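A.B. asks: What follows is model.cif, mmCIF, C-alpha atoms.
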data_structure
#
loop_
_atom_site.label_atom_id
_atom_site.label_comp_id
_atom_site.auth_asym_id
_atom_site.auth_seq_id
_atom_site.Cartn_x
_atom_site.Cartn_y
_atom_site.Cartn_z
CA MET A 1 -40.50 57.33 -24.24
CA ARG A 2 -36.94 58.60 -24.66
CA VAL A 3 -36.01 58.22 -28.32
CA LEU A 4 -32.67 58.63 -30.10
CA VAL A 5 -32.71 59.24 -33.88
CA VAL A 6 -29.46 58.37 -35.66
CA ASP A 7 -29.49 59.49 -39.30
CA ASP A 8 -27.20 61.67 -41.41
CA GLU A 9 -30.13 63.10 -43.44
CA ARG A 10 -31.57 66.24 -41.86
CA ASN A 11 -35.05 65.85 -43.37
CA ILE A 12 -35.39 62.28 -42.03
CA ARG A 13 -34.39 63.43 -38.55
CA SER A 14 -36.89 66.33 -38.72
CA THR A 15 -39.71 64.08 -39.95
CA LEU A 16 -39.10 61.55 -37.19
CA ARG A 17 -38.85 64.25 -34.53
CA ILE A 18 -42.21 65.76 -35.54
CA CYS A 19 -43.91 62.35 -35.51
CA LEU A 20 -42.33 61.16 -32.27
CA GLU A 21 -42.96 64.37 -30.33
CA GLY A 22 -46.55 64.20 -31.52
CA PHE A 23 -46.75 60.77 -29.87
CA GLY A 24 -45.46 62.14 -26.56
CA CYS A 25 -41.81 61.10 -26.95
CA THR A 26 -38.68 63.00 -25.95
CA VAL A 27 -36.31 63.06 -28.92
CA ARG A 28 -32.53 63.44 -29.30
CA GLU A 29 -30.62 63.35 -32.58
CA ALA A 30 -27.23 62.08 -33.76
CA THR A 31 -25.66 62.09 -37.20
CA THR A 32 -22.71 59.71 -36.72
CA PRO A 33 -21.99 56.50 -34.79
CA GLU A 34 -19.69 58.40 -32.43
CA ALA A 35 -22.38 60.99 -31.71
CA ALA A 36 -24.93 58.22 -31.06
CA LEU A 37 -22.65 56.49 -28.54
CA ALA A 38 -21.88 59.84 -26.90
CA ALA A 39 -25.61 60.56 -26.58
CA LEU A 40 -26.18 57.20 -24.85
CA ALA A 41 -23.25 57.85 -22.52
CA GLN A 42 -24.86 61.16 -21.47
CA GLY A 43 -28.25 59.61 -20.74
CA PRO A 44 -30.25 56.42 -21.44
CA ALA A 45 -32.81 55.98 -24.20
CA ASP A 46 -35.72 53.55 -24.53
CA LEU A 47 -35.90 53.43 -28.32
CA ALA A 48 -33.50 54.25 -31.16
CA PHE A 49 -34.08 54.66 -34.89
CA VAL A 50 -30.80 53.92 -36.68
CA ASP A 51 -30.19 54.45 -40.40
CA LEU A 52 -28.51 51.58 -42.24
CA ARG A 53 -26.12 53.94 -44.03
CA LEU A 54 -24.46 56.68 -41.97
CA GLY A 55 -22.15 58.27 -44.51
CA THR A 56 -19.34 55.75 -44.91
CA ALA A 57 -20.30 53.92 -41.69
CA SER A 58 -22.77 51.05 -41.30
CA GLY A 59 -25.77 51.16 -39.01
CA LEU A 60 -25.52 47.38 -38.71
CA ASP A 61 -22.09 47.72 -37.12
CA LEU A 62 -23.42 50.39 -34.76
CA VAL A 63 -26.23 48.18 -33.35
CA PRO A 64 -24.06 45.91 -31.13
CA ARG A 65 -22.00 48.92 -29.96
CA MET A 66 -25.16 50.73 -28.86
CA LEU A 67 -26.43 47.62 -27.08
CA ALA A 68 -23.11 47.29 -25.27
CA GLU A 69 -23.61 50.84 -23.98
CA SER A 70 -27.34 50.39 -23.27
CA PRO A 71 -28.39 46.67 -23.12
CA HIS A 72 -32.13 47.38 -22.71
CA LEU A 73 -32.36 49.72 -25.69
CA ASP A 74 -34.89 48.81 -28.42
CA ILE A 75 -33.28 49.50 -31.80
CA VAL A 76 -35.17 49.91 -35.08
CA LEU A 77 -33.08 49.88 -38.25
CA ILE A 78 -34.35 52.17 -41.02
CA THR A 79 -33.24 52.06 -44.64
CA ALA A 80 -34.21 52.86 -48.20
CA TYR A 81 -32.38 49.71 -49.32
CA ALA A 82 -34.60 47.09 -47.70
CA THR A 83 -33.74 43.45 -48.37
CA PHE A 84 -34.65 40.25 -46.57
CA ASP A 85 -31.00 39.46 -45.86
CA THR A 86 -30.43 42.86 -44.30
CA ALA A 87 -33.49 42.44 -42.09
CA VAL A 88 -32.27 39.04 -40.88
CA GLU A 89 -28.79 40.39 -40.20
CA ALA A 90 -30.23 43.35 -38.28
CA VAL A 91 -32.16 41.01 -35.97
CA LYS A 92 -29.12 38.78 -35.52
CA ARG A 93 -27.10 41.77 -34.35
CA GLY A 94 -29.73 42.73 -31.81
CA ALA A 95 -32.15 45.10 -33.55
CA ARG A 96 -35.76 44.62 -32.45
CA ASP A 97 -37.43 45.89 -35.62
CA TYR A 98 -36.76 46.88 -39.21
CA LEU A 99 -38.46 49.78 -41.04
CA PRO A 100 -38.09 50.44 -44.78
CA LYS A 101 -38.17 53.97 -46.19
CA PRO A 102 -40.38 55.78 -47.02
CA PHE A 103 -42.40 55.27 -43.83
CA THR A 104 -45.66 56.78 -42.66
CA PRO A 105 -46.66 58.33 -39.31
CA ALA A 106 -48.87 55.27 -38.73
CA GLN A 107 -45.83 53.00 -39.07
CA ILE A 108 -43.86 55.13 -36.61
CA ARG A 109 -46.78 55.04 -34.18
CA HIS A 110 -46.89 51.23 -34.49
CA VAL A 111 -43.18 50.99 -33.66
CA VAL A 112 -43.56 53.29 -30.63
CA ASP A 113 -46.59 51.38 -29.36
CA ARG A 114 -44.70 48.08 -29.65
CA ALA A 115 -41.73 49.53 -27.79
CA ARG A 116 -44.02 50.80 -25.01
CA ALA A 117 -45.68 47.40 -24.76
CA HIS A 118 -42.28 45.73 -24.57
CA ARG A 119 -41.22 48.02 -21.71
CA GLU A 120 -44.42 47.30 -19.79
CA LEU A 121 -43.97 43.57 -20.38
CA SER A 122 -40.37 43.71 -19.18
CA SER A 123 -41.52 45.50 -16.04
CA ARG A 124 -44.20 42.89 -15.32
CA LEU A 125 -41.70 40.11 -16.02
CA GLY A 126 -39.26 41.67 -13.55
CA ASP A 127 -41.97 41.72 -10.89
CA LEU A 128 -42.88 38.10 -11.61
CA GLU A 129 -39.22 37.08 -11.56
CA GLY A 130 -38.81 38.70 -8.16
CA GLN A 131 -41.81 36.78 -6.83
CA LEU A 132 -40.56 33.49 -8.28
CA ALA A 133 -37.09 34.02 -6.81
CA GLN A 134 -38.66 33.82 -3.36
CA THR A 135 -39.72 30.22 -4.00
CA VAL A 136 -37.69 29.05 -7.03
CA PRO A 137 -34.22 30.63 -6.85
CA GLU A 138 -33.10 29.39 -10.27
CA ALA A 139 -36.09 31.15 -11.90
CA THR A 140 -34.09 34.19 -12.93
CA LEU A 141 -33.28 35.56 -16.35
CA GLU A 142 -30.28 37.54 -15.15
CA THR A 143 -27.19 36.28 -16.94
CA ALA A 144 -23.73 37.40 -18.00
CA SER A 145 -23.41 34.52 -20.49
CA PRO A 146 -23.66 35.53 -24.18
CA ALA A 147 -25.12 32.11 -25.06
CA MET A 148 -27.78 32.32 -22.35
CA HIS A 149 -28.49 35.95 -23.23
CA ALA A 150 -29.06 34.90 -26.85
CA ALA A 151 -31.46 32.14 -25.74
CA ILE A 152 -33.47 34.54 -23.58
CA GLY A 153 -33.55 37.11 -26.40
CA LEU A 154 -34.92 34.51 -28.81
CA ILE A 155 -37.56 33.48 -26.26
CA SER A 156 -38.65 37.11 -25.78
CA ARG A 157 -39.03 37.58 -29.54
CA ALA A 158 -40.96 34.32 -29.92
CA ALA A 159 -43.28 35.06 -26.99
CA ALA A 160 -45.65 37.31 -28.96
CA SER A 161 -46.45 34.56 -31.48
CA ASP A 162 -48.27 31.25 -31.09
CA ALA A 163 -45.50 29.29 -32.82
CA ALA A 164 -44.39 26.00 -31.28
CA VAL A 165 -41.05 26.27 -29.47
CA LEU A 166 -38.53 23.47 -28.94
CA LEU A 167 -36.13 23.92 -26.03
CA ARG A 168 -32.95 21.87 -26.30
CA GLY A 169 -30.29 21.31 -23.69
CA GLU A 170 -28.88 18.89 -21.17
CA SER A 171 -30.88 17.84 -18.13
CA GLY A 172 -30.89 20.49 -15.44
CA THR A 173 -30.08 23.47 -17.68
CA GLY A 174 -33.37 25.25 -16.90
CA LYS A 175 -35.61 24.37 -19.84
CA GLY A 176 -38.67 24.37 -17.58
CA VAL A 177 -37.77 27.78 -16.17
CA LEU A 178 -37.38 29.21 -19.66
CA ALA A 179 -40.68 27.65 -20.78
CA ARG A 180 -42.47 29.37 -17.91
CA ALA A 181 -40.72 32.65 -18.75
CA LEU A 182 -41.92 32.33 -22.35
CA HIS A 183 -45.48 31.89 -21.13
CA SER A 184 -45.16 34.85 -18.75
CA MET A 185 -44.01 37.10 -21.61
CA SER A 186 -46.74 35.95 -24.01
CA PRO A 187 -50.29 37.26 -24.56
CA ARG A 188 -51.43 33.97 -22.97
CA ARG A 189 -49.85 34.82 -19.60
CA ARG A 190 -53.24 35.19 -17.85
CA ARG A 191 -54.27 31.68 -18.94
CA PRO A 192 -52.93 28.37 -17.53
CA PHE A 193 -49.37 27.09 -17.86
CA VAL A 194 -49.63 23.28 -17.75
CA THR A 195 -46.69 20.86 -17.60
CA VAL A 196 -46.63 17.21 -18.70
CA ASN A 197 -43.54 15.20 -17.73
CA CYS A 198 -43.47 12.65 -20.56
CA PRO A 199 -40.94 10.06 -19.21
CA THR A 200 -42.80 9.44 -15.94
CA LEU A 201 -45.91 7.74 -17.42
CA SER A 202 -46.68 4.67 -19.50
CA GLU A 203 -48.03 5.12 -23.03
CA GLN A 204 -51.68 4.68 -22.00
CA LEU A 205 -51.40 6.88 -18.92
CA LEU A 206 -49.56 9.58 -20.86
CA ALA A 207 -52.27 9.55 -23.55
CA SER A 208 -54.90 9.91 -20.83
CA GLU A 209 -52.86 12.61 -19.09
CA LEU A 210 -52.63 14.60 -22.32
CA PHE A 211 -56.03 14.14 -23.92
CA GLY A 212 -58.20 12.83 -21.08
CA HIS A 213 -60.47 9.77 -20.99
CA VAL A 214 -64.07 8.76 -20.53
CA ARG A 215 -65.47 6.35 -17.99
CA GLY A 216 -64.60 2.74 -18.82
CA ALA A 217 -61.83 3.64 -21.30
CA PHE A 218 -59.45 1.39 -19.34
CA THR A 219 -59.27 -0.43 -16.02
CA GLY A 220 -59.59 2.12 -13.25
CA ALA A 221 -61.28 4.78 -15.39
CA VAL A 222 -64.31 5.23 -13.14
CA ARG A 223 -65.32 8.67 -14.39
CA ASP A 224 -64.79 11.09 -17.28
CA GLN A 225 -61.53 12.98 -16.91
CA PRO A 226 -60.36 15.95 -19.02
CA GLY A 227 -56.69 15.96 -20.00
CA ARG A 228 -53.94 18.53 -19.70
CA VAL A 229 -54.71 19.85 -23.19
CA GLU A 230 -58.16 20.95 -22.02
CA GLN A 231 -56.76 22.30 -18.75
CA ALA A 232 -54.36 24.48 -20.76
CA GLU A 233 -57.14 26.03 -22.89
CA GLY A 234 -56.03 29.48 -24.00
CA GLY A 235 -52.64 29.03 -22.36
CA THR A 236 -49.44 27.06 -22.79
CA LEU A 237 -48.81 23.29 -22.68
CA PHE A 238 -45.23 22.38 -21.77
CA LEU A 239 -44.14 18.88 -22.83
CA ASP A 240 -41.00 18.04 -20.86
CA GLU A 241 -38.71 15.43 -22.50
CA VAL A 242 -41.02 15.00 -25.48
CA ALA A 243 -38.64 12.49 -27.11
CA GLU A 244 -39.82 9.86 -24.63
CA MET A 245 -43.27 9.64 -26.28
CA SER A 246 -44.21 6.40 -28.04
CA PRO A 247 -44.71 6.47 -31.85
CA ALA A 248 -48.51 6.11 -31.46
CA LEU A 249 -48.69 9.06 -29.11
CA GLN A 250 -46.40 11.07 -31.36
CA ALA A 251 -49.00 10.63 -34.13
CA GLN A 252 -51.76 11.95 -31.85
CA LEU A 253 -49.65 14.93 -30.85
CA LEU A 254 -48.85 15.67 -34.51
CA ARG A 255 -52.55 15.74 -35.35
CA PHE A 256 -53.24 18.08 -32.46
CA LEU A 257 -50.46 20.44 -33.58
CA GLN A 258 -51.76 20.45 -37.15
CA GLU A 259 -55.52 20.67 -36.53
CA LYS A 260 -55.92 21.64 -32.84
CA GLN A 261 -58.23 18.60 -32.60
CA PHE A 262 -58.15 15.53 -30.33
CA GLU A 263 -60.33 12.85 -28.74
CA ARG A 264 -60.39 11.66 -25.17
CA LEU A 265 -59.49 7.98 -24.75
CA GLY A 266 -62.56 5.83 -25.32
CA GLU A 267 -64.59 8.65 -26.86
CA GLY A 268 -65.58 9.21 -30.49
CA ARG A 269 -66.31 12.91 -30.12
CA THR A 270 -63.71 15.25 -31.63
CA ARG A 271 -62.78 18.20 -29.45
CA ARG A 272 -60.79 21.37 -30.11
CA ALA A 273 -58.42 23.34 -27.91
CA ASP A 274 -56.56 26.62 -28.35
CA VAL A 275 -53.21 25.78 -26.80
CA ARG A 276 -49.65 26.85 -27.50
CA VAL A 277 -47.19 23.95 -27.30
CA VAL A 278 -43.67 24.29 -25.92
CA ALA A 279 -41.56 21.12 -25.88
CA ALA A 280 -38.21 20.29 -24.31
CA THR A 281 -35.67 17.54 -24.85
CA ASN A 282 -32.15 16.55 -23.87
CA ARG A 283 -31.96 14.09 -26.77
CA ASP A 284 -30.52 14.40 -30.27
CA LEU A 285 -33.86 14.33 -32.11
CA GLU A 286 -32.26 14.29 -35.55
CA LYS A 287 -30.50 11.06 -34.59
CA ASP A 288 -33.74 9.67 -33.17
CA VAL A 289 -35.45 10.50 -36.48
CA ALA A 290 -32.69 8.74 -38.45
CA GLU A 291 -33.03 5.67 -36.22
CA GLY A 292 -36.83 5.62 -36.44
CA ARG A 293 -37.56 6.55 -32.83
CA PHE A 294 -39.05 9.97 -33.53
CA ARG A 295 -41.31 11.21 -36.33
CA GLU A 296 -39.64 13.64 -38.70
CA ASP A 297 -42.89 15.49 -39.41
CA LEU A 298 -43.47 15.95 -35.67
CA LEU A 299 -39.95 17.34 -35.27
CA TYR A 300 -40.69 19.94 -37.94
CA ARG A 301 -43.96 20.89 -36.22
CA LEU A 302 -42.33 21.24 -32.80
CA ASN A 303 -39.19 22.94 -34.08
CA VAL A 304 -40.70 26.15 -35.50
CA VAL A 305 -38.57 28.13 -33.04
CA GLU A 306 -35.55 26.28 -31.68
CA VAL A 307 -33.78 27.52 -28.54
CA THR A 308 -30.67 25.78 -27.22
CA LEU A 309 -29.73 26.31 -23.59
CA PRO A 310 -26.01 26.14 -22.74
CA ALA A 311 -24.76 23.73 -20.09
CA LEU A 312 -23.65 25.28 -16.80
CA ARG A 313 -20.01 24.47 -17.60
CA GLU A 314 -20.42 26.64 -20.74
CA ARG A 315 -21.51 29.70 -18.72
CA PRO A 316 -18.84 29.99 -15.99
CA GLU A 317 -19.58 33.70 -15.57
CA ASP A 318 -23.00 32.74 -14.16
CA LEU A 319 -21.86 29.97 -11.84
CA LEU A 320 -20.82 31.90 -8.73
CA PRO A 321 -23.75 34.37 -8.90
CA LEU A 322 -26.10 31.37 -9.13
CA ALA A 323 -24.33 29.67 -6.23
CA ARG A 324 -24.65 32.78 -4.06
CA ARG A 325 -28.33 33.09 -4.96
CA PHE A 326 -28.89 29.49 -3.84
CA VAL A 327 -26.94 30.13 -0.63
CA ALA A 328 -29.11 33.16 0.16
CA PHE A 329 -32.31 31.26 -0.64
CA PHE A 330 -31.57 28.21 1.51
CA ALA A 331 -30.15 30.31 4.34
CA ARG A 332 -33.37 32.32 4.38
CA ALA A 333 -35.45 29.12 4.31
CA ALA A 334 -33.41 27.69 7.24
CA LYS A 335 -33.59 31.02 9.13
CA ARG A 336 -29.82 31.09 9.59
CA PRO A 337 -27.27 33.86 8.97
CA LEU A 338 -26.15 34.24 5.39
CA PRO A 339 -23.03 32.06 4.89
CA GLU A 340 -20.11 32.97 2.64
CA LEU A 341 -18.30 30.87 0.07
CA SER A 342 -14.63 30.47 0.94
CA PRO A 343 -12.08 31.19 -1.82
CA ALA A 344 -11.29 27.45 -1.98
CA THR A 345 -14.99 26.67 -2.40
CA GLU A 346 -15.31 29.20 -5.20
CA ARG A 347 -12.32 27.61 -6.98
CA MET A 348 -13.86 24.18 -6.49
CA LEU A 349 -17.25 25.24 -7.87
CA LEU A 350 -15.59 26.73 -10.95
CA ALA A 351 -13.37 23.68 -11.48
CA TYR A 352 -16.13 21.07 -11.24
CA GLY A 353 -17.84 20.04 -14.50
CA TRP A 354 -21.45 20.06 -13.21
CA PRO A 355 -22.85 17.20 -15.31
CA GLY A 356 -26.22 17.78 -13.60
CA ASN A 357 -26.07 21.51 -14.44
CA VAL A 358 -28.11 24.07 -12.46
CA ARG A 359 -30.17 21.36 -10.76
CA GLU A 360 -27.03 19.70 -9.42
CA LEU A 361 -25.65 23.06 -8.21
CA ARG A 362 -28.89 23.80 -6.37
CA ASN A 363 -28.89 20.39 -4.67
CA ALA A 364 -25.22 20.68 -3.71
CA ILE A 365 -25.74 24.10 -2.11
CA GLU A 366 -28.85 22.92 -0.26
CA ARG A 367 -26.93 19.93 1.12
CA ALA A 368 -24.00 22.11 2.14
CA LEU A 369 -26.21 24.39 4.21
CA ILE A 370 -27.74 21.38 5.95
CA VAL A 371 -24.52 19.56 6.88
CA TRP A 372 -22.14 22.50 7.43
CA PRO A 373 -22.89 24.59 10.55
CA ALA A 374 -20.11 27.18 10.13
CA ASN A 375 -20.78 30.52 8.47
CA VAL A 376 -18.13 30.00 5.79
CA LEU A 377 -18.82 27.15 3.38
CA GLU A 378 -15.65 25.13 2.80
CA PRO A 379 -15.09 22.41 0.17
CA GLN A 380 -15.63 19.77 2.88
CA ALA A 381 -19.31 20.80 2.98
CA PHE A 382 -19.80 19.34 -0.50
CA PRO A 383 -19.94 15.73 -1.73
CA ASP A 384 -16.62 14.07 -2.56
CA ARG A 385 -17.39 14.05 -6.27
CA ILE A 386 -17.43 17.86 -6.26
CA ALA A 387 -14.60 18.38 -3.77
CA ALA A 388 -12.44 16.18 -6.03
CA ALA A 389 -12.36 19.06 -8.51
CA LEU A 390 -9.66 20.64 -6.32
CA GLY A 391 -7.45 17.61 -6.89
CA SER A 392 -8.15 15.85 -3.63
CA GLY A 393 -10.36 13.15 -5.14
CA VAL A 394 -9.72 10.01 -7.18
CA THR A 395 -6.18 9.65 -8.57
CA LEU A 396 -4.75 6.83 -10.63
CA GLY A 397 -2.77 4.45 -8.43
CA GLY A 398 -4.49 5.77 -5.30
CA PRO A 399 -6.44 3.73 -2.74
CA HIS A 400 -9.66 3.66 -4.80
CA THR A 401 -11.89 0.91 -6.17
CA LEU A 402 -12.19 0.38 -9.92
CA GLU A 403 -15.77 1.63 -9.71
CA GLU A 404 -14.62 4.90 -8.11
CA VAL A 405 -12.02 5.41 -10.85
CA GLU A 406 -14.53 4.56 -13.58
CA ARG A 407 -17.12 6.92 -12.09
CA GLU A 408 -14.68 9.83 -11.90
CA HIS A 409 -13.40 9.29 -15.44
CA ILE A 410 -16.88 8.94 -16.97
CA LEU A 411 -18.21 12.07 -15.27
CA ARG A 412 -15.19 14.11 -16.36
CA VAL A 413 -15.49 12.95 -19.98
CA LEU A 414 -19.24 13.70 -19.95
CA ALA A 415 -18.53 17.17 -18.58
CA SER A 416 -16.07 17.98 -21.36
CA ALA A 417 -17.72 16.27 -24.35
CA PRO A 418 -20.34 18.25 -26.33
CA THR A 419 -22.75 15.30 -26.68
CA LEU A 420 -23.42 11.91 -25.15
CA ASP A 421 -22.44 10.22 -28.42
CA GLU A 422 -19.09 12.01 -28.48
CA ALA A 423 -18.45 11.01 -24.85
CA ALA A 424 -19.28 7.39 -25.73
CA ARG A 425 -16.85 7.53 -28.66
CA ILE A 426 -14.06 8.86 -26.41
CA LEU A 427 -14.73 6.17 -23.81
CA GLY A 428 -15.03 3.42 -26.42
CA ILE A 429 -18.44 2.19 -25.25
CA ASP A 430 -21.95 2.14 -26.67
CA ALA A 431 -24.05 5.28 -26.13
CA SER A 432 -26.84 3.29 -24.45
CA THR A 433 -24.31 1.78 -22.01
CA LEU A 434 -22.96 5.25 -21.25
CA TRP A 435 -26.51 6.55 -20.71
CA ARG A 436 -27.10 3.88 -18.04
CA LYS A 437 -23.76 4.56 -16.38
CA ARG A 438 -24.40 8.32 -16.38
CA LYS A 439 -27.78 7.78 -14.76
CA LYS A 440 -26.11 5.64 -12.10
CA TYR A 441 -23.10 7.85 -11.44
CA GLU A 442 -24.86 11.23 -11.56
CA SER A 443 -27.08 10.19 -8.67
CA PRO A 444 -25.61 11.52 -5.43
CA PRO A 445 -23.90 8.77 -3.46
CA THR A 446 -25.66 7.55 -0.34
CA GLU A 447 -24.41 9.48 2.66
#
Could I get this structure in the form of structure tokens?

C.D. replies:
Amino acid sequence: MRVLVVDDERNIRSTLRICLEGFGCTVREATTPEAALAALAQGPADLAFVDLRLGTASGLDLVPRMLAESPHLDIVLITAYATFDTAVEAVKRGARDYLPKPFTPAQIRHVVDRARAHRELSSRLGDLEGQLAQTVPEATLETASPAMHAAIGLISRAAASDAAVLLRGESGTGKGVLARALHSMSPRRRRPFVTVNCPTLSEQLLASELFGHVRGAFTGAVRDQPGRVEQAEGGTLFLDEVAEMSPALQAQLLRFLQEKQFERLGEGRTRRADVRVVAATNRDLEKDVAEGRFREDLLYRLNVVEVTLPALRERPEDLLPLARRFVAFFARAAKRPLPELSPATERMLLAYGWPGNVRELRNAIERALIVWPANVLEPQAFPDRIAAALGSGVTLGGPHTLEEVEREHILRVLASAPTLDEAARILGIDASTLWRKRKKYESPPTE
């Protein structure tokens, strides 16, 4: 471990050096923020101990500057003036840990061991990500987006706990990918990761899917069947679009979250399961609670750690790298030379609103490689709704049907509005009507 100690007190630096070298670390020292940044510029470090007060300078202000120089650096803030607010602020600015003075060698050892474990976990995650990228190209945690980087950072910090996590974001933003990443970073990574897609099943079938059933519990139940909860024993259960659950099933899920107990359908025996629950939704759950469609107590249970994923239109710096990754993936799958994106195509991809987010981008690239034989992908290789972003699509007064004009306008408003309700307000229609129209218009037109 390469460790940088940043403290203006000589005795603190000496104490830390003795401890750290005893634990097999290589230690460098700095007394000022400028010296710390200069040390990182000369060579990377794995771990840094940074004092909260560096003369007249603040260690809190130094944390983001050090991370800008060395993004993978683990920073531990040390201070004799420990307060809860300072600890929270340190974590917000990117510090991984917080250590009050006076500290003991055992505490330093604990910090070093955690940093080593984090490095090993990051290495394993990188290997797993590389494997996934061969089959699921969007399964990457590489990002230049500050919002996405913050979401991934929160996931990595939450991974070590068993707390329930609620992933929020529009459809297609990658909530499932992030849920799997959370599992891969957690101590449960060697146990199953089990997904339940809540909107695809009726209430009875979803209850059976989750908790299992016994023979004769309902028509067609010809044998005992364990549910996904039992299949996920020791691992992670991912509930995709959890807001689609019925009130009765929400009550059963709440009991399981509180007591880790459940019964199979048609059975009186109470069973237990050690399962971590991660849920995802594209709905405004607070509004659903206010309107009686979702239990408030269940929301609190699911929302211990809340992570919001930005829409693709909110992370333009990631769009072209993602597009090129999809191009490479589908070209490799089709065993054809790697195509390029023309400048016009790049402008088009950046101009389009991507209401379907990463999923829509993936599908558009896959289609382009199927229908376009040339080795440079032009805008004509993409559906009209995307090519229209260059200004060649629907225009008022042009030779278009009212449905085409409505479709274009609705998709553009949806792409720019922060929520479905806000888009409905702008359009002057009911949110449920807009939901149906979005579902209709976001489906690719029949070729």

A.B. asks: Check what the PyMOL selection byres ((chain A and resi 246-256) around 12) selects in the file above and give those residues as a PDB file with C-alpha atoms, in the frame of the given file.

C.D. replies:
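out-v4.pdb was written with the following content:
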ATOM      1  CA  ALA A 164     -44.390  26.000 -31.280  1.00  0.00           C
ATOM      2  CA  CYS A 198     -43.470  12.650 -20.560  1.00  0.00           C
ATOM      3  CA  PRO A 199     -40.940  10.060 -19.210  1.00  0.00           C
ATOM      4  CA  LEU A 201     -45.910   7.740 -17.420  1.00  0.00           C
ATOM      5  CA  SER A 202     -46.680   4.670 -19.500  1.00  0.00           C
ATOM      6  CA  GLU A 203     -48.030   5.120 -23.030  1.00  0.00           C
ATOM      7  CA  GLN A 204     -51.680   4.680 -22.000  1.00  0.00           C
ATOM      8  CA  LEU A 205     -51.400   6.880 -18.920  1.00  0.00           C
ATOM      9  CA  LEU A 206     -49.560   9.580 -20.860  1.00  0.00           C
ATOM     10  CA  ALA A 207     -52.270   9.550 -23.550  1.00  0.00           C
ATOM     11  CA  SER A 208     -54.900   9.910 -20.830  1.00  0.00           C
ATOM     12  CA  GLU A 209     -52.860  12.610 -19.090  1.00  0.00           C
ATOM     13  CA  LEU A 210     -52.630  14.600 -22.320  1.00  0.00           C
ATOM     14  CA  PHE A 211     -56.030  14.140 -23.920  1.00  0.00           C
ATOM     15  CA  VAL A 229     -54.710  19.850 -23.190  1.00  0.00           C
ATOM     16  CA  GLU A 230     -58.160  20.950 -22.020  1.00  0.00           C
ATOM     17  CA  LEU A 237     -48.810  23.290 -22.680  1.00  0.00           C
ATOM     18  CA  LEU A 239     -44.140  18.880 -22.830  1.00  0.00           C
ATOM     19  CA  GLU A 241     -38.710  15.430 -22.500  1.00  0.00           C
ATOM     20  CA  VAL A 242     -41.020  15.000 -25.480  1.00  0.00           C
ATOM     21  CA  ALA A 243     -38.640  12.490 -27.110  1.00  0.00           C
ATOM     22  CA  GLU A 244     -39.820   9.860 -24.630  1.00  0.00           C
ATOM     23  CA  MET A 245     -43.270   9.640 -26.280  1.00  0.00           C
ATOM     24  CA  LEU A 257     -50.460  20.440 -33.580  1.00  0.00           C
ATOM     25  CA  GLN A 258     -51.760  20.450 -37.150  1.00  0.00           C
ATOM     26  CA  GLU A 259     -55.520  20.670 -36.530  1.00  0.00           C
ATOM     27  CA  LYS A 260     -55.920  21.640 -32.840  1.00  0.00           C
ATOM     28  CA  GLN A 261     -58.230  18.600 -32.600  1.00  0.00           C
ATOM     29  CA  PHE A 262     -58.150  15.530 -30.330  1.00  0.00           C
ATOM     30  CA  GLU A 263     -60.330  12.850 -28.740  1.00  0.00           C
ATOM     31  CA  ARG A 264     -60.390  11.660 -25.170  1.00  0.00           C
ATOM     32  CA  LEU A 265     -59.490   7.980 -24.750  1.00  0.00           C
ATOM     33  CA  THR A 270     -63.710  15.250 -31.630  1.00  0.00           C
ATOM     34  CA  ARG A 271     -62.780  18.200 -29.450  1.00  0.00           C
ATOM     35  CA  ARG A 272     -60.790  21.370 -30.110  1.00  0.00           C
ATOM     36  CA  ALA A 273     -58.420  23.340 -27.910  1.00  0.00           C
ATOM     37  CA  ASP A 274     -56.560  26.620 -28.350  1.00  0.00           C
ATOM     38  CA  VAL A 275     -53.210  25.780 -26.800  1.00  0.00           C
ATOM     39  CA  ARG A 276     -49.650  26.850 -27.500  1.00  0.00           C
ATOM     40  CA  VAL A 277     -47.190  23.950 -27.300  1.00  0.00           C
ATOM     41  CA  ALA A 279     -41.560  21.120 -25.880  1.00  0.00           C
ATOM     42  CA  ASP A 288     -33.740   9.670 -33.170  1.00  0.00           C
ATOM     43  CA  VAL A 289     -35.450  10.500 -36.480  1.00  0.00           C
ATOM     44  CA  GLY A 292     -36.830   5.620 -36.440  1.00  0.00           C
ATOM     45  CA  ARG A 293     -37.560   6.550 -32.830  1.00  0.00           C
ATOM     46  CA  PHE A 294     -39.050   9.970 -33.530  1.00  0.00           C
ATOM     47  CA  ARG A 295     -41.310  11.210 -36.330  1.00  0.00           C
ATOM     48  CA  GLU A 296     -39.640  13.640 -38.700  1.00  0.00           C
ATOM     49  CA  ASP A 297     -42.890  15.490 -39.410  1.00  0.00           C
ATOM     50  CA  LEU A 298     -43.470  15.950 -35.670  1.00  0.00           C
ATOM     51  CA  LEU A 299     -39.950  17.340 -35.270  1.00  0.00           C
ATOM     52  CA  TYR A 300     -40.690  19.940 -37.940  1.00  0.00           C
ATOM     53  CA  ARG A 301     -43.960  20.890 -36.220  1.00  0.00           C
ATOM     54  CA  LEU A 302     -42.330  21.240 -32.800  1.00  0.00           C
TER      55      LEU A 302
END

A.B. asks: Out of A:Gly55, A:Gly227, A:Pro187, A:Pro343, which residue has the shortest atom-to-atom distance to Leu390 (chain A) when counting all atoms listed in the file?

C.D. replies: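 That would be A:Pro343, the residue with the smallest distance to Leu390 (chain A).
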
A.B. asks: Could you jot down the CA of Val76 (chain A) to CA of Leu47 (chain A) separation for me, Å, one decimal place?

C.D. replies: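 We find that CA of Val76 (chain A) and CA of Leu47 (chain A) lie 7.7 Å from each other.
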